[in-house]
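> Enclosed is the structure file target_19.pdb (PDB, C-alpha atoms, pLDDT in the B column).
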```pdb
MODEL        1
ATOM      1  CA  MET Z  17     -12.645 -30.620  17.001  1.00 89.00           C
ATOM      2  CA  LEU Z  18     -12.505 -27.773  14.495  1.00 98.00           C
ATOM      3  CA  ASP Z  19      -9.665 -25.257  14.419  1.00 98.00           C
ATOM      4  CA  PHE Z  20     -11.001 -21.718  13.994  1.00 98.00           C
ATOM      5  CA  TYR Z  21      -8.515 -18.975  13.101  1.00 98.00           C
ATOM      6  CA  PHE Z  22     -10.113 -15.824  14.417  1.00 97.00           C
ATOM      7  CA  HIS Z  23      -9.831 -12.088  14.894  1.00 97.00           C
ATOM      8  CA  ALA Z  24     -12.892 -10.129  16.023  1.00 96.00           C
ATOM      9  CA  THR Z  25     -13.652  -8.850  12.518  1.00 96.00           C
ATOM     10  CA  PRO Z  26     -17.087  -8.841  10.852  1.00 96.00           C
ATOM     11  CA  ASN Z  27     -16.048 -11.746   8.646  1.00 97.00           C
ATOM     12  CA  SER Z  28     -14.833 -13.840  11.573  1.00 97.00           C
ATOM     13  CA  MET Z  29     -17.901 -13.024  13.649  1.00 98.00           C
ATOM     14  CA  LYS Z  30     -20.356 -14.305  11.050  1.00 98.00           C
ATOM     15  CA  VAL Z  31     -18.546 -17.658  11.076  1.00 98.00           C
ATOM     16  CA  ALA Z  32     -18.594 -17.672  14.880  1.00 98.00           C
ATOM     17  CA  VAL Z  33     -22.381 -17.351  14.749  1.00 98.00           C
ATOM     18  CA  LEU Z  34     -22.690 -20.371  12.456  1.00 98.00           C
ATOM     19  CA  LEU Z  35     -20.352 -22.469  14.613  1.00 98.00           C
ATOM     20  CA  HIS Z  36     -22.598 -21.748  17.582  1.00 98.00           C
ATOM     21  CA  GLU Z  37     -25.814 -22.249  15.603  1.00 98.00           C
ATOM     22  CA  LEU Z  38     -24.522 -25.715  14.680  1.00 98.00           C
ATOM     23  CA  ASP Z  39     -23.331 -26.272  18.266  1.00 98.00           C
ATOM     24  CA  LEU Z  40     -19.968 -27.494  17.026  1.00 98.00           C
ATOM     25  CA  ALA Z  41     -16.901 -28.004  19.183  1.00 97.00           C
ATOM     26  CA  PHE Z  42     -14.015 -25.837  18.048  1.00 98.00           C
ATOM     27  CA  LYS Z  43     -10.674 -24.515  19.215  1.00 98.00           C
ATOM     28  CA  VAL Z  44      -9.994 -20.811  18.701  1.00 98.00           C
ATOM     29  CA  HIS Z  45      -6.609 -19.756  17.343  1.00 98.00           C
ATOM     30  CA  PRO Z  46      -6.458 -15.962  17.794  1.00 97.00           C
ATOM     31  CA  ILE Z  47      -4.758 -14.165  14.926  1.00 98.00           C
ATOM     32  CA  ASP Z  48      -3.949 -10.561  15.815  1.00 97.00           C
ATOM     33  CA  ILE Z  49      -4.085  -8.817  12.458  1.00 96.00           C
ATOM     34  CA  PHE Z  50      -3.004  -5.491  14.028  1.00 95.00           C
ATOM     35  CA  LYS Z  51       0.289  -7.193  14.933  1.00 96.00           C
ATOM     36  CA  GLY Z  52       0.691  -8.828  11.526  1.00 95.00           C
ATOM     37  CA  GLU Z  53       0.166 -12.424  12.679  1.00 97.00           C
ATOM     38  CA  GLN Z  54      -1.818 -13.111   9.495  1.00 97.00           C
ATOM     39  CA  HIS Z  55       1.446 -12.811   7.550  1.00 96.00           C
ATOM     40  CA  ALA Z  56       3.279 -15.460   9.569  1.00 97.00           C
ATOM     41  CA  PRO Z  57       4.486 -18.389   7.396  1.00 97.00           C
ATOM     42  CA  GLU Z  58       2.541 -20.925   9.455  1.00 97.00           C
ATOM     43  CA  PHE Z  59      -0.717 -19.035   8.921  1.00 98.00           C
ATOM     44  CA  LEU Z  60      -0.048 -18.473   5.215  1.00 97.00           C
ATOM     45  CA  LYS Z  61       0.030 -22.256   4.868  1.00 97.00           C
ATOM     46  CA  ILE Z  62      -3.596 -22.203   6.035  1.00 97.00           C
ATOM     47  CA  ASN Z  63      -4.684 -19.146   4.059  1.00 98.00           C
ATOM     48  CA  PRO Z  64      -2.225 -18.020   1.378  1.00 97.00           C
ATOM     49  CA  ASN Z  65      -4.197 -14.764   1.136  1.00 97.00           C
ATOM     50  CA  GLY Z  66      -3.254 -13.829   4.709  1.00 97.00           C
ATOM     51  CA  LYS Z  67      -6.786 -13.077   5.900  1.00 97.00           C
ATOM     52  CA  VAL Z  68      -9.065 -14.237   8.696  1.00 98.00           C
ATOM     53  CA  PRO Z  69     -11.141 -16.266   9.232  1.00 98.00           C
ATOM     54  CA  ALA Z  70      -9.927 -19.710   8.280  1.00 98.00           C
ATOM     55  CA  LEU Z  71     -11.009 -23.174   9.374  1.00 98.00           C
ATOM     56  CA  ARG Z  72      -9.514 -26.630   9.599  1.00 98.00           C
ATOM     57  CA  ASP Z  73     -11.842 -29.607   9.789  1.00 97.00           C
ATOM     58  CA  ASP Z  74     -10.196 -33.016  10.051  1.00 94.00           C
ATOM     59  CA  GLY Z  75      -7.648 -32.373   7.330  1.00 93.00           C
ATOM     60  CA  VAL Z  76      -9.879 -30.053   5.295  1.00 98.00           C
ATOM     61  CA  THR Z  77      -8.836 -26.393   5.159  1.00 98.00           C
ATOM     62  CA  VAL Z  78     -11.295 -23.652   4.183  1.00 98.00           C
ATOM     63  CA  PHE Z  79     -10.668 -19.916   4.061  1.00 98.00           C
ATOM     64  CA  ASP Z  80     -12.805 -16.867   3.224  1.00 97.00           C
ATOM     65  CA  SER Z  81     -15.826 -16.356   5.435  1.00 98.00           C
ATOM     66  CA  HIS Z  82     -18.488 -17.154   2.841  1.00 98.00           C
ATOM     67  CA  ALA Z  83     -16.663 -20.284   1.716  1.00 98.00           C
ATOM     68  CA  ILE Z  84     -16.654 -21.404   5.358  1.00 98.00           C
ATOM     69  CA  LEU Z  85     -20.367 -20.622   5.735  1.00 98.00           C
ATOM     70  CA  LEU Z  86     -21.221 -22.649   2.642  1.00 98.00           C
ATOM     71  CA  TYR Z  87     -18.899 -25.496   3.622  1.00 98.00           C
ATOM     72  CA  LEU Z  88     -20.219 -25.928   7.159  1.00 98.00           C
ATOM     73  CA  ALA Z  89     -23.877 -25.362   6.336  1.00 98.00           C
ATOM     74  CA  GLY Z  90     -23.650 -27.790   3.428  1.00 98.00           C
ATOM     75  CA  LYS Z  91     -21.812 -30.428   5.443  1.00 98.00           C
ATOM     76  CA  HIS Z  92     -24.357 -30.345   8.260  1.00 98.00           C
ATOM     77  CA  GLY Z  93     -27.415 -29.825   6.101  1.00 98.00           C
ATOM     78  CA  ARG Z  94     -28.652 -26.728   7.904  1.00 98.00           C
ATOM     79  CA  PHE Z  95     -29.238 -23.040   7.146  1.00 98.00           C
ATOM     80  CA  ILE Z  96     -29.331 -23.607   3.380  1.00 98.00           C
ATOM     81  CA  PRO Z  97     -32.917 -23.761   2.071  1.00 97.00           C
ATOM     82  CA  VAL Z  98     -33.895 -26.937   0.223  1.00 95.00           C
ATOM     83  CA  GLY Z  99     -36.410 -25.427  -2.180  1.00 95.00           C
ATOM     84  CA  ALA Z 100     -34.976 -24.148  -5.459  1.00 97.00           C
ATOM     85  CA  VAL Z 101     -36.587 -20.709  -5.178  1.00 96.00           C
ATOM     86  CA  GLU Z 102     -35.492 -20.197  -1.576  1.00 96.00           C
ATOM     87  CA  LYS Z 103     -31.988 -21.566  -2.187  1.00 97.00           C
ATOM     88  CA  ALA Z 104     -31.524 -19.259  -5.166  1.00 98.00           C
ATOM     89  CA  ALA Z 105     -32.641 -16.319  -3.040  1.00 98.00           C
ATOM     90  CA  MET Z 106     -30.247 -17.305  -0.260  1.00 98.00           C
ATOM     91  CA  LEU Z 107     -27.304 -17.567  -2.652  1.00 98.00           C
ATOM     92  CA  SER Z 108     -28.167 -14.256  -4.284  1.00 98.00           C
ATOM     93  CA  TRP Z 109     -28.357 -12.337  -1.009  1.00 98.00           C
ATOM     94  CA  LEU Z 110     -25.305 -14.128   0.358  1.00 98.00           C
ATOM     95  CA  GLN Z 111     -23.348 -12.962  -2.671  1.00 98.00           C
ATOM     96  CA  LEU Z 112     -24.737  -9.438  -2.418  1.00 98.00           C
ATOM     97  CA  VAL Z 113     -23.199  -9.280   1.034  1.00 98.00           C
ATOM     98  CA  ALA Z 114     -19.959 -10.854  -0.218  1.00 97.00           C
ATOM     99  CA  THR Z 115     -19.457  -8.667  -3.279  1.00 97.00           C
ATOM    100  CA  GLY Z 116     -21.294  -5.503  -2.215  1.00 97.00           C
ATOM    101  CA  LEU Z 117     -21.945  -4.826   1.437  1.00 97.00           C
ATOM    102  CA  SER Z 118     -18.679  -6.350   2.647  1.00 96.00           C
ATOM    103  CA  PRO Z 119     -16.150  -4.580   0.392  1.00 96.00           C
ATOM    104  CA  PHE Z 120     -17.966  -1.239   0.425  1.00 97.00           C
ATOM    105  CA  SER Z 121     -18.192  -1.389   4.225  1.00 97.00           C
ATOM    106  CA  GLY Z 122     -14.489  -2.145   4.395  1.00 96.00           C
ATOM    107  CA  GLN Z 123     -13.522   0.648   2.030  1.00 96.00           C
ATOM    108  CA  ALA Z 124     -15.816   3.169   3.733  1.00 97.00           C
ATOM    109  CA  ILE Z 125     -14.262   2.297   7.087  1.00 96.00           C
ATOM    110  CA  HIS Z 126     -10.780   2.542   5.597  1.00 95.00           C
ATOM    111  CA  PHE Z 127     -11.202   6.023   4.161  1.00 96.00           C
ATOM    112  CA  LEU Z 128     -13.124   7.309   7.180  1.00 96.00           C
ATOM    113  CA  HIS Z 129     -10.818   5.939   9.870  1.00 94.00           C
ATOM    114  CA  TYR Z 130      -7.566   4.460   8.534  1.00 92.00           C
ATOM    115  CA  ALA Z 131      -6.428   6.520   5.536  1.00 92.00           C
ATOM    116  CA  PRO Z 132      -3.442   8.747   6.377  1.00 90.00           C
ATOM    117  CA  GLU Z 133      -4.952  11.629   4.395  1.00 93.00           C
ATOM    118  CA  ASP Z 134      -8.447  13.029   3.937  1.00 96.00           C
ATOM    119  CA  ILE Z 135      -9.818  12.129   0.505  1.00 97.00           C
ATOM    120  CA  PRO Z 136     -13.386  13.499   0.221  1.00 97.00           C
ATOM    121  CA  TYR Z 137     -14.066  11.801  -3.120  1.00 98.00           C
ATOM    122  CA  ALA Z 138     -13.179   8.358  -1.740  1.00 97.00           C
ATOM    123  CA  LYS Z 139     -15.238   8.861   1.411  1.00 97.00           C
ATOM    124  CA  ASN Z 140     -18.240  10.027  -0.599  1.00 97.00           C
ATOM    125  CA  ARG Z 141     -17.896   7.211  -3.133  1.00 97.00           C
ATOM    126  CA  TYR Z 142     -17.791   4.369  -0.626  1.00 97.00           C
ATOM    127  CA  VAL Z 143     -20.228   5.734   1.948  1.00 97.00           C
ATOM    128  CA  LYS Z 144     -22.853   6.561  -0.690  1.00 97.00           C
ATOM    129  CA  GLU Z 145     -22.549   3.146  -2.285  1.00 97.00           C
ATOM    130  CA  LEU Z 146     -22.765   1.516   1.142  1.00 97.00           C
ATOM    131  CA  GLU Z 147     -25.941   3.497   1.814  1.00 98.00           C
ATOM    132  CA  ARG Z 148     -27.357   2.237  -1.475  1.00 98.00           C
ATOM    133  CA  HIS Z 149     -26.699  -1.369  -0.453  1.00 98.00           C
ATOM    134  CA  TYR Z 150     -28.419  -0.814   2.876  1.00 98.00           C
ATOM    135  CA  ARG Z 151     -31.457   0.612   1.066  1.00 98.00           C
ATOM    136  CA  VAL Z 152     -31.641  -2.542  -1.063  1.00 98.00           C
ATOM    137  CA  LEU Z 153     -31.347  -4.734   2.028  1.00 98.00           C
ATOM    138  CA  ASP Z 154     -33.884  -2.647   3.923  1.00 98.00           C
ATOM    139  CA  GLN Z 155     -36.408  -3.026   1.126  1.00 98.00           C
ATOM    140  CA  ARG Z 156     -35.895  -6.792   1.094  1.00 98.00           C
ATOM    141  CA  LEU Z 157     -36.303  -7.106   4.851  1.00 98.00           C
ATOM    142  CA  GLY Z 158     -39.420  -4.960   4.682  1.00 98.00           C
ATOM    143  CA  ALA Z 159     -40.991  -7.621   2.480  1.00 97.00           C
ATOM    144  CA  SER Z 160     -39.442 -10.745   4.016  1.00 96.00           C
ATOM    145  CA  ALA Z 161     -38.630 -11.901   7.527  1.00 96.00           C
ATOM    146  CA  TRP Z 162     -35.220 -13.178   6.387  1.00 98.00           C
ATOM    147  CA  LEU Z 163     -33.117 -12.583   3.307  1.00 98.00           C
ATOM    148  CA  ALA Z 164     -33.981 -15.948   1.747  1.00 97.00           C
ATOM    149  CA  GLY Z 165     -37.662 -15.657   2.613  1.00 96.00           C
ATOM    150  CA  ALA Z 166     -39.343 -17.269   5.577  1.00 95.00           C
ATOM    151  CA  GLU Z 167     -36.286 -19.335   6.515  1.00 96.00           C
ATOM    152  CA  TYR Z 168     -33.256 -18.194   8.517  1.00 98.00           C
ATOM    153  CA  SER Z 169     -30.053 -18.920   6.610  1.00 98.00           C
ATOM    154  CA  ILE Z 170     -26.336 -18.260   6.350  1.00 98.00           C
ATOM    155  CA  ALA Z 171     -27.158 -15.160   4.291  1.00 98.00           C
ATOM    156  CA  ASP Z 172     -28.601 -13.605   7.445  1.00 98.00           C
ATOM    157  CA  MET Z 173     -25.483 -14.486   9.439  1.00 98.00           C
ATOM    158  CA  ALA Z 174     -23.394 -12.816   6.739  1.00 98.00           C
ATOM    159  CA  LEU Z 175     -25.485  -9.648   6.885  1.00 98.00           C
ATOM    160  CA  TRP Z 176     -25.331  -9.551  10.692  1.00 98.00           C
ATOM    161  CA  GLY Z 177     -21.526  -9.653  10.634  1.00 96.00           C
ATOM    162  CA  TRP Z 178     -21.274  -6.376   8.733  1.00 97.00           C
ATOM    163  CA  ALA Z 179     -24.441  -4.627   9.920  1.00 97.00           C
ATOM    164  CA  ALA Z 180     -23.110  -4.931  13.475  1.00 96.00           C
ATOM    165  CA  SER Z 181     -20.386  -2.481  12.401  1.00 93.00           C
ATOM    166  CA  ALA Z 182     -22.701   0.006  10.674  1.00 95.00           C
ATOM    167  CA  GLY Z 183     -22.194   2.574  13.425  1.00 93.00           C
ATOM    168  CA  TYR Z 184     -18.492   2.719  12.580  1.00 93.00           C
ATOM    169  CA  VAL Z 185     -19.534   4.298   9.272  1.00 94.00           C
ATOM    170  CA  PHE Z 186     -22.800   6.026  10.097  1.00 96.00           C
ATOM    171  CA  GLY Z 187     -21.934   7.258  13.582  1.00 94.00           C
ATOM    172  CA  GLU Z 188     -24.539   7.741  16.295  1.00 92.00           C
ATOM    173  CA  LYS Z 189     -27.495   7.297  13.952  1.00 94.00           C
ATOM    174  CA  GLY Z 190     -26.355   3.766  13.189  1.00 95.00           C
ATOM    175  CA  LEU Z 191     -29.094   1.979  11.272  1.00 97.00           C
ATOM    176  CA  ASP Z 192     -31.797   4.590  11.947  1.00 97.00           C
ATOM    177  CA  ASP Z 193     -32.223   5.200   8.209  1.00 97.00           C
ATOM    178  CA  TYR Z 194     -32.843   1.494   7.630  1.00 98.00           C
ATOM    179  CA  PRO Z 195     -35.603   0.436  10.068  1.00 98.00           C
ATOM    180  CA  ASN Z 196     -36.077  -3.019   8.607  1.00 98.00           C
ATOM    181  CA  VAL Z 197     -32.382  -3.809   8.910  1.00 98.00           C
ATOM    182  CA  ALA Z 198     -32.503  -2.446  12.467  1.00 98.00           C
ATOM    183  CA  ARG Z 199     -35.453  -4.731  13.245  1.00 98.00           C
ATOM    184  CA  PHE Z 200     -33.538  -7.636  11.740  1.00 98.00           C
ATOM    185  CA  MET Z 201     -30.535  -6.857  13.940  1.00 98.00           C
ATOM    186  CA  GLN Z 202     -32.709  -6.827  17.059  1.00 98.00           C
ATOM    187  CA  THR Z 203     -34.112 -10.223  16.099  1.00 98.00           C
ATOM    188  CA  MET Z 204     -30.589 -11.523  15.573  1.00 98.00           C
ATOM    189  CA  ALA Z 205     -29.501 -10.146  18.958  1.00 98.00           C
ATOM    190  CA  GLU Z 206     -32.053 -12.414  20.605  1.00 98.00           C
ATOM    191  CA  ARG Z 207     -30.574 -15.584  19.116  1.00 98.00           C
ATOM    192  CA  PRO Z 208     -28.431 -17.543  21.623  1.00 98.00           C
ATOM    193  CA  ALA Z 209     -25.818 -18.271  18.945  1.00 98.00           C
ATOM    194  CA  VAL Z 210     -25.311 -14.565  18.334  1.00 98.00           C
ATOM    195  CA  GLN Z 211     -25.010 -13.940  22.058  1.00 98.00           C
ATOM    196  CA  ARG Z 212     -22.423 -16.707  22.355  1.00 98.00           C
ATOM    197  CA  ALA Z 213     -20.460 -15.309  19.414  1.00 97.00           C
ATOM    198  CA  LEU Z 214     -20.336 -11.915  21.116  1.00 97.00           C
ATOM    199  CA  LEU Z 215     -19.084 -13.585  24.303  1.00 96.00           C
ATOM    200  CA  LEU Z 216     -16.353 -15.254  22.242  1.00 95.00           C
ATOM    201  CA  LYS Z 217     -15.330 -11.816  21.000  1.00 93.00           C
ATOM    202  CA  GLN Z 218     -15.066 -10.574  24.582  1.00 93.00           C
ATOM    203  CA  GLU Z 219     -12.905 -13.526  25.607  1.00 95.00           C
ATOM    204  CA  HIS Z 220     -10.038 -12.501  23.332  1.00 94.00           C
ATOM    205  CA  THR Z 221      -7.998  -9.332  23.517  1.00 92.00           C
ATOM    206  CA  PHE Z 222      -6.444  -7.909  20.382  1.00 95.00           C
ATOM    207  CA  LYS Z 223      -4.331  -4.862  19.721  1.00 93.00           C
ATOM    208  CA  HIS Z 224      -6.369  -1.741  18.874  1.00 90.00           C
ATOM    209  CA  THR Z 225      -3.707   0.951  18.415  1.00 91.00           C
ATOM    210  CA  LEU Z 226      -3.404   2.243  14.866  1.00 87.00           C
ATOM    211  CA  ASP Z 227       0.342   2.850  14.900  1.00 90.00           C
ATOM    212  CA  GLU Z 228       2.962   2.333  12.212  1.00 90.00           C
ATOM    213  CA  GLU Z 229       3.285  -1.381  13.013  1.00 92.00           C
ATOM    214  CA  THR Z 230      -0.457  -1.787  12.539  1.00 92.00           C
ATOM    215  CA  ARG Z 231      -0.524   0.164   9.285  1.00 90.00           C
ATOM    216  CA  LYS Z 232       2.211  -2.070   7.880  1.00 91.00           C
ATOM    217  CA  ALA Z 233       0.382  -5.168   9.103  1.00 93.00           C
ATOM    218  CA  LEU Z 234      -2.992  -4.182   7.652  1.00 92.00           C
ATOM    219  CA  PHE Z 235      -1.764  -2.502   4.470  1.00 91.00           C
ATOM    220  CA  PRO Z 236       1.664  -3.982   3.658  1.00 89.00           C
ATOM    221  CA  GLN Z 237       1.292  -3.154  -0.025  1.00 85.00           C
ATOM    222  CA  ASN Z 238       1.141   0.556   0.877  1.00 85.00           C
ATOM    223  CA  ALA Z 239       4.389   0.323   2.808  1.00 71.00           C
ATOM    224  CA  ALA Z 240       6.020  -1.522  -0.076  1.00 61.00           C
TER     225      ALA Z 240
ENDMDL
END
```
Rewrite the structure from the file as structure tokens, please.


Amino acid sequence: MLDFYFHATPNSMKVAVLLHELDLAFKVHPIDIFKGEQHAPEFLKINPNGKVPALRDDGVTVFDSHAILLYLAGKHGRFIPVGAVEKAAMLSWLQLVATGLSPFSGQAIHFLHYAPEDIPYAKNRYVKELERHYRVLDQRLGASAWLAGAEYSIADMALWGWAASAGYVFGEKGLDDYPNVARFMQTMAERPAVQRALLLKQEHTFKHTLDEETRKALFPQNAA
């Protein structure tokens, strides 16, 4: 039985998809990051960085969503292509999500929705760079069924986690400017593992109010 430390964030959701794709038994430990539970001493023993998700597997602890994806996929021998060309492509696109799409999505969301003051330069910087990443991804998915090529992989699960939140940045138009990513998301929506991950999200209730407690929990360095 795996222990899965979870809040319904894009990074946690991508891991939830893989857990269901592998049909693994796991126990969910909800961590309400709006209440600051990620800073509790017992959780910091699991992830010293105070972030979700994290995973415990029979004495093995893994944190950071992409580390968990690589760990589980490697352990079970699935969703990592075997061929050198395809594996290199998977790793490249997985890292593009990790080092590009993920942080620029997070920063765009922060300055659009969480920042206590309006900073046009910051909003423009992060939204425009996020749009650039989506154009790169859209071009790739226009030429390939999946990010690694013909084979579904953990890189696709990573993309799904963040692309599911695209509307939080782009508003009502969502992914309209990126038709190949939109097609990809529709294909993902049809996968039973994705549907089960979304049900998992619905099963847990987390705080949503952006009050002073939440600001201190999410951005403690600002308060300090």

> For the structure shown, which residues end up in the PyMOL selection byres ((chain Z and resi 171) around 12)? Put them as an MDAnalysis selection string, please?

chainID Z and resid 30:31 33:34 81:83 85:86 89 95:97 102:114 117 153 162:165 167:170 172:178

> How would you write, as a PDB file with C-alpha atoms, in the coordinates of the input, the residues chosen by the PyMOL selection byres ((chain Z and resi 60-77) around 12) on this structure?


```pdb
ATOM      1  CA  MET Z  17     -12.645 -30.620  17.001  1.00 89.00           C
ATOM      2  CA  LEU Z  18     -12.505 -27.773  14.495  1.00 98.00           C
ATOM      3  CA  ASP Z  19      -9.665 -25.257  14.419  1.00 98.00           C
ATOM      4  CA  PHE Z  20     -11.001 -21.718  13.994  1.00 98.00           C
ATOM      5  CA  TYR Z  21      -8.515 -18.975  13.101  1.00 98.00           C
ATOM      6  CA  PHE Z  22     -10.113 -15.824  14.417  1.00 97.00           C
ATOM      7  CA  HIS Z  23      -9.831 -12.088  14.894  1.00 97.00           C
ATOM      8  CA  ALA Z  24     -12.892 -10.129  16.023  1.00 96.00           C
ATOM      9  CA  THR Z  25     -13.652  -8.850  12.518  1.00 96.00           C
ATOM     10  CA  PRO Z  26     -17.087  -8.841  10.852  1.00 96.00           C
ATOM     11  CA  ASN Z  27     -16.048 -11.746   8.646  1.00 97.00           C
ATOM     12  CA  SER Z  28     -14.833 -13.840  11.573  1.00 97.00           C
ATOM     13  CA  MET Z  29     -17.901 -13.024  13.649  1.00 98.00           C
ATOM     14  CA  LYS Z  30     -20.356 -14.305  11.050  1.00 98.00           C
ATOM     15  CA  VAL Z  31     -18.546 -17.658  11.076  1.00 98.00           C
ATOM     16  CA  ALA Z  32     -18.594 -17.672  14.880  1.00 98.00           C
ATOM     17  CA  LEU Z  35     -20.352 -22.469  14.613  1.00 98.00           C
ATOM     18  CA  LEU Z  40     -19.968 -27.494  17.026  1.00 98.00           C
ATOM     19  CA  ALA Z  41     -16.901 -28.004  19.183  1.00 97.00           C
ATOM     20  CA  PHE Z  42     -14.015 -25.837  18.048  1.00 98.00           C
ATOM     21  CA  LYS Z  43     -10.674 -24.515  19.215  1.00 98.00           C
ATOM     22  CA  VAL Z  44      -9.994 -20.811  18.701  1.00 98.00           C
ATOM     23  CA  HIS Z  45      -6.609 -19.756  17.343  1.00 98.00           C
ATOM     24  CA  PRO Z  46      -6.458 -15.962  17.794  1.00 97.00           C
ATOM     25  CA  ILE Z  47      -4.758 -14.165  14.926  1.00 98.00           C
ATOM     26  CA  ASP Z  48      -3.949 -10.561  15.815  1.00 97.00           C
ATOM     27  CA  ILE Z  49      -4.085  -8.817  12.458  1.00 96.00           C
ATOM     28  CA  PHE Z  50      -3.004  -5.491  14.028  1.00 95.00           C
ATOM     29  CA  GLY Z  52       0.691  -8.828  11.526  1.00 95.00           C
ATOM     30  CA  GLU Z  53       0.166 -12.424  12.679  1.00 97.00           C
ATOM     31  CA  GLN Z  54      -1.818 -13.111   9.495  1.00 97.00           C
ATOM     32  CA  HIS Z  55       1.446 -12.811   7.550  1.00 96.00           C
ATOM     33  CA  ALA Z  56       3.279 -15.460   9.569  1.00 97.00           C
ATOM     34  CA  PRO Z  57       4.486 -18.389   7.396  1.00 97.00           C
ATOM     35  CA  GLU Z  58       2.541 -20.925   9.455  1.00 97.00           C
ATOM     36  CA  PHE Z  59      -0.717 -19.035   8.921  1.00 98.00           C
ATOM     37  CA  VAL Z  78     -11.295 -23.652   4.183  1.00 98.00           C
ATOM     38  CA  PHE Z  79     -10.668 -19.916   4.061  1.00 98.00           C
ATOM     39  CA  ASP Z  80     -12.805 -16.867   3.224  1.00 97.00           C
ATOM     40  CA  SER Z  81     -15.826 -16.356   5.435  1.00 98.00           C
ATOM     41  CA  HIS Z  82     -18.488 -17.154   2.841  1.00 98.00           C
ATOM     42  CA  ALA Z  83     -16.663 -20.284   1.716  1.00 98.00           C
ATOM     43  CA  ILE Z  84     -16.654 -21.404   5.358  1.00 98.00           C
ATOM     44  CA  LEU Z  85     -20.367 -20.622   5.735  1.00 98.00           C
ATOM     45  CA  TYR Z  87     -18.899 -25.496   3.622  1.00 98.00           C
ATOM     46  CA  LEU Z  88     -20.219 -25.928   7.159  1.00 98.00           C
ATOM     47  CA  LYS Z  91     -21.812 -30.428   5.443  1.00 98.00           C
ATOM     48  CA  ALA Z 233       0.382  -5.168   9.103  1.00 93.00           C
ATOM     49  CA  LEU Z 234      -2.992  -4.182   7.652  1.00 92.00           C
ATOM     50  CA  PHE Z 235      -1.764  -2.502   4.470  1.00 91.00           C
ATOM     51  CA  PRO Z 236       1.664  -3.982   3.658  1.00 89.00           C
TER      52      PRO Z 236
END
```

> Between CA of Gln123 (chain Z) and CA of Gly190 (chain Z), what is the distance in Å, rounded to a tenth?

17.3 Å

> Figure out the distance between CA of Ser181 (chain Z) and CA of Gln155 (chain Z), please, to one decimal in Å.

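Spanning CA of Gln155 (chain Z) to CA of Ser181 (chain Z) is a straight-line distance of 19.6 Å.
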
> Rank Z:Phe120, Z:Tyr142, Z:Tyr150, Z:Phe127 by their smallest atom-to-atom distance to Asp193 (chain Z), using all atoms listed in the file, and report the top residue only.

Z:Tyr150

> Just how far from CA of Gly187 (chain Z) is CA of Lys144 (chain Z), in Å to one decimal?

14.3 Å

> With distances taken over all atoms listed in the file, which of Z:Ala100, Z:Ala182, Z:Leu215, Z:Met201 is nearest to His149 (chain Z)?

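Of the candidates, the smallest distance to His149 (chain Z) is held by Z:Ala182.
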
> What lies within 12 Å of Arg151 (chain Z) using all atoms listed in the file, ignoring chain neighbours under 5 positions off, as JSON, numbers by chain?

{"Z": [117, 144, 145, 146, 156, 157, 158, 191, 192, 193, 194, 195, 196, 197, 198]}

> Include C-alpha atoms and write out the residues we just selected as a PDB file, in the frame of the given file.


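What follows is the written file part.pdb:
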```pdb
ATOM      1  CA  LEU Z 117     -21.945  -4.826   1.437  1.00 97.00           C
ATOM      2  CA  LYS Z 144     -22.853   6.561  -0.690  1.00 97.00           C
ATOM      3  CA  GLU Z 145     -22.549   3.146  -2.285  1.00 97.00           C
ATOM      4  CA  LEU Z 146     -22.765   1.516   1.142  1.00 97.00           C
ATOM      5  CA  ARG Z 156     -35.895  -6.792   1.094  1.00 98.00           C
ATOM      6  CA  LEU Z 157     -36.303  -7.106   4.851  1.00 98.00           C
ATOM      7  CA  GLY Z 158     -39.420  -4.960   4.682  1.00 98.00           C
ATOM      8  CA  LEU Z 191     -29.094   1.979  11.272  1.00 97.00           C
ATOM      9  CA  ASP Z 192     -31.797   4.590  11.947  1.00 97.00           C
ATOM     10  CA  ASP Z 193     -32.223   5.200   8.209  1.00 97.00           C
ATOM     11  CA  TYR Z 194     -32.843   1.494   7.630  1.00 98.00           C
ATOM     12  CA  PRO Z 195     -35.603   0.436  10.068  1.00 98.00           C
ATOM     13  CA  ASN Z 196     -36.077  -3.019   8.607  1.00 98.00           C
ATOM     14  CA  VAL Z 197     -32.382  -3.809   8.910  1.00 98.00           C
ATOM     15  CA  ALA Z 198     -32.503  -2.446  12.467  1.00 98.00           C
TER      16      ALA Z 198
END
```

> Between Z:Thr225, Z:Ser121, Z:Gln237, Z:Thr203, which is the closest to Ala161 (chain Z) once you count all atoms listed in the file?

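Going through Z:Thr225, Z:Ser121, Z:Gln237, Z:Thr203 one by one, the smallest distance to Ala161 (chain Z) is for Z:Thr203.
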
> Centre and edge lengths of an axis-aligned box around all listed atoms of region 183-190 of chain Z, with 8 Å added on each side, are to be given in Å to one decimal, as lines of an AutoDock Vina configuration file.


```
center_x = -23.0
center_y = 5.2
center_z = 12.8
size_x = 25.0
size_y = 21.2
size_z = 23.0
```

> Name the closest residue to Leu128 (chain Z) among the candidates Z:His224, Z:Arg148, Z:His36, Z:Arg141; distances are taken between atoms, counting only C-alpha atoms.

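Checking each of Z:His224, Z:Arg148, Z:His36, Z:Arg141 against Leu128 (chain Z), counting only C-alpha atoms, the winner is Z:Arg141.
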
> Between Z:Arg199, Z:Pro132, Z:Ala180, Z:Ala209, which one has atoms that come closest to Asp227 (chain Z), using only C-alpha atoms?

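When distances to Asp227 (chain Z) are compared using only C-alpha atoms, the smallest one comes from Z:Pro132.
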
> Which is closest to Val101 (chain Z) among Z:Lys232, Z:Thr115, Z:Ala166, Z:Leu38, if we use all atoms listed in the file?

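The closest residue to Val101 (chain Z) is Z:Ala166.
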